[in-house]
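To keep things clear, I will list the structure first and then write my remarks on it.
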Amino acid sequence: MGLFDKAAQKSPWIIHFDCNSCNGCDIEILACLTPLYDVERFGIINVGNPKHADILIVSGAVNQKNQRVLKNIYNEIPEPKAVIAIGACGCTGGIFRECYNVMGGIDTVIPVDVYVPGCSPKPEAIIDGVVKALGKLEEKRKKMKEKGEENPFLPEEFTSELVEIPSITSETKEPVPVSDKPEDSK
């Protein structure tokens with residue numbers, strides 16, 4: 001497993017897109033970033049550029065106006081990628097599914113890997129959904145490797161195996177004495 005693979009496995013970067021929600025799910029998604037839940041301590045980072053993301057989190061129902069934007073964001077995320085549908089609206093269209101301009105859930109436009117139902121789902125459920133998406137992402141990575149597909153955007157040094165760096169021992173470098181009081185300057 002290369003350096004990039006280990007880093008991506010331990011530190012997924014997510015991008016959030018609000019299709020057409022009431023902002024209840026958006027508040028819960030952002031609550032995951034607050035000090036109470038603090039998903040950044042696990043390496044999960046919310047990024048603003050889809051080209052840097054591994055996971056797409058989508059809330060709200062898809063309508064005629066935002067389906068093209070959603071497809072564009074999905075297509076800009078490099079492979080392998082995972083999609084999480086958040087909330088009842090993201091999963092099925094929710095209470096808005098009978099509206100004339102609503103197409104339904106996220107899966108009517110792009111493939112969805114993980115569904116997190118609820119109106120609105122708790123931050124714990126969203127974090128659990130991201131963990132499940134990490135498993136799906138790892139499966140997709142393994143399938144890509146089996147097929148011989150590598151990420152074309154990565155230089156060779158990121159896909160090669162890790163090289164062990166020798167540590168400094170006491171034989172090669174003398175330890176520096178540490179003192180609590182400063183030396184007298186004369």
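Here, A, B, ... name the chains of the structure tokens in the order displayed, residue numbers run from 1 inside each chain, and ligands are numbered from 1 in the same displayed order.
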
Exercise for the section: Within 9 Å of Tyr37 in chain A, counting only C-alpha atoms, which residues show up once you throw out same-chain ones fewer than 3 positions away? Write them as an MDAnalysis selection string, please. Expected result: chainID A and resid 31:34 40 123:124 127

Only N, CA and C atoms, please: the residues just picked out, written as a JSON list (two decimals), in the first residue's frame.
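out00.json, written as the output of this step:
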[["chain", "number", "residue", "atom", "x", "y", "z"],
["A", 31, "ALA", "N", -22.52, 20.56, 12.47],
["A", 31, "ALA", "CA", -22.35, 20.26, 13.89],
["A", 31, "ALA", "C", -21.25, 19.21, 14.08],
["A", 32, "CYS", "N", -21.04, 18.38, 13.07],
["A", 32, "CYS", "CA", -19.97, 17.37, 13.16],
["A", 32, "CYS", "C", -18.59, 18.03, 13.24],
["A", 33, "LEU", "N", -18.48, 19.25, 12.76],
["A", 33, "LEU", "CA", -17.19, 19.95, 12.77],
["A", 33, "LEU", "C", -16.97, 20.75, 14.05],
["A", 34, "THR", "N", -18.01, 20.88, 14.89],
["A", 34, "THR", "CA", -17.88, 21.66, 16.12],
["A", 34, "THR", "C", -17.07, 20.88, 17.15],
["A", 40, "GLU", "N", -12.61, 16.43, 12.74],
["A", 40, "GLU", "CA", -11.28, 16.73, 12.22],
["A", 40, "GLU", "C", -10.19, 16.01, 12.99],
["A", 123, "PRO", "N", -25.83, 14.06, 14.28],
["A", 123, "PRO", "CA", -24.42, 14.04, 13.88],
["A", 123, "PRO", "C", -23.76, 12.68, 14.04],
["A", 124, "GLU", "N", -24.17, 11.91, 15.05],
["A", 124, "GLU", "CA", -23.60, 10.57, 15.23],
["A", 124, "GLU", "C", -23.91, 9.68, 14.04],
["A", 127, "ILE", "N", -21.70, 10.79, 11.11],
["A", 127, "ILE", "CA", -20.33, 10.29, 11.28],
["A", 127, "ILE", "C", -20.28, 8.80, 10.96]]

Problem - Counting only C-alpha atoms, the option among A:Asp113, A:Asp38, A:Glu28, A:Glu138 closest to Ile126 in chain A - result: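 Smallest distance to Ile126 in chain A is found for A:Glu28.
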
Practice task
For CA of Gly129 in chain A and CA of Gly90 in chain A, determine how far apart the two atoms are, in Å to one decimal place.
Solution key: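 Rounded to one decimal, the two atoms are 13.3 Å apart.
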
Practice task
Have a look at CA of Tyr115 in chain A and CA of Cys91 in chain A and let me know their distance in Å, one decimal.
Solution key: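 About the pair CA of Tyr115 in chain A and CA of Cys91 in chain A: they are 6.2 Å apart.
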
Handout entry: Gap from CA of Lys136 in chain A to CA of Asp54 in chain A - Å, one decimal
Key =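 Between CA of Lys136 in chain A and CA of Asp54 in chain A the gap is 11.2 Å.
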
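Residue nearest Ala125 in chain A within the list A:Asn101, A:Lys145, A:Cys25, A:Leu56: A:Cys25 [criterion: smallest interatomic distance, only C-alpha atoms].
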
Exercise for the section: Return the single residue from A:Tyr74, A:Phe42, A:Phe96, A:Trp13 that is closest to Ile110 in chain A, with distances computed using only C-alpha atoms. Expected result: A:Tyr74

Exercise for the section: Mind checking which residues fall within 7 Å of Val47 in chain A, counting only C-alpha atoms, ignoring those fewer than 3 positions away in the same chain, and posting them as a list in words? Expected result: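 After dropping sequence-adjacent residues, the list is Trp13, Ile14, Ile15 and Ala53 of chain A.
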
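For the set A:Arg97, A:His16, A:Arg141, A:Lys122, the residue with the smallest atom-to-atom gap to Lys81 in chain A is A:Arg141, counting only C-alpha atoms.
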
Handout entry: Nearest to Asp26 in chain A, chosen from A:Ile86, A:Leu70, A:Ile106, A:Val116, with only C-alpha atoms counted in the distances
Key =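 Ranked by minimum distance to Asp26 in chain A, first place goes to A:Ile86.
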
Problem - 12 Å contact set for Thr108 in chain A, only C-alpha atoms, chain neighbours under 3 positions out, as an MDAnalysis selection string - result: chainID A and resid 61:64 67 70:71 85 90:93 97 102:105 111:112

Handout entry: DSSP strand (DSSP E or B) selection over range 26-149 of chain A, as JSON, numbers by chain
Key = {"A": [45, 46, 55, 56, 57, 58, 59, 60, 62, 63, 82, 83, 84, 85, 86, 102, 103, 104, 114, 115, 116]}

Just-selected residues, N, CA and C atoms written as a PDB file, in the first residue's frame:
ATOM      1  N   ILE A  45     -11.806  16.085   6.814  1.00  0.00           N
ATOM      2  CA  ILE A  45     -11.727  17.523   6.568  1.00  0.00           C
ATOM      3  C   ILE A  45     -12.752  17.911   5.521  1.00  0.00           C
ATOM      4  N   ASN A  46     -13.464  19.010   5.778  1.00  0.00           N
ATOM      5  CA  ASN A  46     -14.430  19.543   4.832  1.00  0.00           C
ATOM      6  C   ASN A  46     -13.687  20.493   3.892  1.00  0.00           C
ATOM      7  N   ILE A  55     -15.086  12.080  -0.674  1.00  0.00           N
ATOM      8  CA  ILE A  55     -16.476  11.746  -0.374  1.00  0.00           C
ATOM      9  C   ILE A  55     -17.353  12.967  -0.630  1.00  0.00           C
ATOM     10  N   LEU A  56     -18.470  12.751  -1.308  1.00  0.00           N
ATOM     11  CA  LEU A  56     -19.458  13.797  -1.552  1.00  0.00           C
ATOM     12  C   LEU A  56     -20.635  13.562  -0.628  1.00  0.00           C
ATOM     13  N   ILE A  57     -20.940  14.558   0.204  1.00  0.00           N
ATOM     14  CA  ILE A  57     -22.097  14.497   1.097  1.00  0.00           C
ATOM     15  C   ILE A  57     -23.153  15.425   0.517  1.00  0.00           C
ATOM     16  N   VAL A  58     -24.354  14.886   0.264  1.00  0.00           N
ATOM     17  CA  VAL A  58     -25.416  15.665  -0.370  1.00  0.00           C
ATOM     18  C   VAL A  58     -26.642  15.646   0.525  1.00  0.00           C
ATOM     19  N   SER A  59     -27.203  16.831   0.746  1.00  0.00           N
ATOM     20  CA  SER A  59     -28.450  16.935   1.508  1.00  0.00           C
ATOM     21  C   SER A  59     -29.491  17.617   0.627  1.00  0.00           C
ATOM     22  N   GLY A  60     -30.749  17.299   0.863  1.00  0.00           N
ATOM     23  CA  GLY A  60     -31.839  17.907   0.111  1.00  0.00           C
ATOM     24  C   GLY A  60     -32.244  17.089  -1.098  1.00  0.00           C
ATOM     25  N   VAL A  62     -33.293  16.533  -5.076  1.00  0.00           N
ATOM     26  CA  VAL A  62     -32.803  17.028  -6.364  1.00  0.00           C
ATOM     27  C   VAL A  62     -33.975  17.619  -7.142  1.00  0.00           C
ATOM     28  N   ASN A  63     -33.758  18.811  -7.710  1.00  0.00           N
ATOM     29  CA  ASN A  63     -34.777  19.400  -8.576  1.00  0.00           C
ATOM     30  C   ASN A  63     -34.188  19.674  -9.957  1.00  0.00           C
ATOM     31  N   ALA A  82     -16.914   8.285  -3.123  1.00  0.00           N
ATOM     32  CA  ALA A  82     -18.118   7.759  -2.484  1.00  0.00           C
ATOM     33  C   ALA A  82     -19.105   8.901  -2.321  1.00  0.00           C
ATOM     34  N   VAL A  83     -20.389   8.570  -2.350  1.00  0.00           N
ATOM     35  CA  VAL A  83     -21.464   9.559  -2.205  1.00  0.00           C
ATOM     36  C   VAL A  83     -22.338   9.152  -1.038  1.00  0.00           C
ATOM     37  N   ILE A  84     -22.652  10.130  -0.181  1.00  0.00           N
ATOM     38  CA  ILE A  84     -23.527   9.906   0.964  1.00  0.00           C
ATOM     39  C   ILE A  84     -24.751  10.793   0.800  1.00  0.00           C
ATOM     40  N   ALA A  85     -25.956  10.201   0.850  1.00  0.00           N
ATOM     41  CA  ALA A  85     -27.209  10.950   0.829  1.00  0.00           C
ATOM     42  C   ALA A  85     -27.641  11.156   2.276  1.00  0.00           C
ATOM     43  N   ILE A  86     -27.794  12.418   2.651  1.00  0.00           N
ATOM     44  CA  ILE A  86     -28.119  12.760   4.031  1.00  0.00           C
ATOM     45  C   ILE A  86     -29.583  13.187   4.128  1.00  0.00           C
ATOM     46  N   VAL A 102     -39.468  18.668  -8.217  1.00  0.00           N
ATOM     47  CA  VAL A 102     -38.560  17.772  -7.508  1.00  0.00           C
ATOM     48  C   VAL A 102     -38.484  16.436  -8.240  1.00  0.00           C
ATOM     49  N   MET A 103     -37.250  15.998  -8.495  1.00  0.00           N
ATOM     50  CA  MET A 103     -37.020  14.732  -9.192  1.00  0.00           C
ATOM     51  C   MET A 103     -36.991  13.551  -8.233  1.00  0.00           C
ATOM     52  N   GLY A 104     -36.684  13.800  -6.974  1.00  0.00           N
ATOM     53  CA  GLY A 104     -36.609  12.735  -5.971  1.00  0.00           C
ATOM     54  C   GLY A 104     -35.314  12.821  -5.198  1.00  0.00           C
ATOM     55  N   VAL A 114     -23.967   5.379   0.348  1.00  0.00           N
ATOM     56  CA  VAL A 114     -24.451   5.272   1.728  1.00  0.00           C
ATOM     57  C   VAL A 114     -25.656   6.200   1.902  1.00  0.00           C
ATOM     58  N   TYR A 115     -26.693   5.687   2.538  1.00  0.00           N
ATOM     59  CA  TYR A 115     -27.875   6.481   2.858  1.00  0.00           C
ATOM     60  C   TYR A 115     -27.916   6.709   4.363  1.00  0.00           C
ATOM     61  N   VAL A 116     -28.113   7.975   4.775  1.00  0.00           N
ATOM     62  CA  VAL A 116     -28.270   8.314   6.188  1.00  0.00           C
ATOM     63  C   VAL A 116     -29.659   8.930   6.337  1.00  0.00           C
TER      64      VAL A 116
END

Practice task
Compare A:Gly148, A:Pro80, A:Gly118, A:Gly24 by their minimum atom-to-atom distance to Gly94 in chain A, counting only C-alpha atoms, and give me the closest one.
Solution key: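 The closest residue to Gly94 in chain A is A:Gly118.
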
Problem - Residues flagged helix (DSSP H, G or I) by DSSP in range 12-145 of chain A, as a PyMOL selection string - result: chain A and resi 24-31+39-42+50-52+67-76+87-92+94-96+106-108+123-145
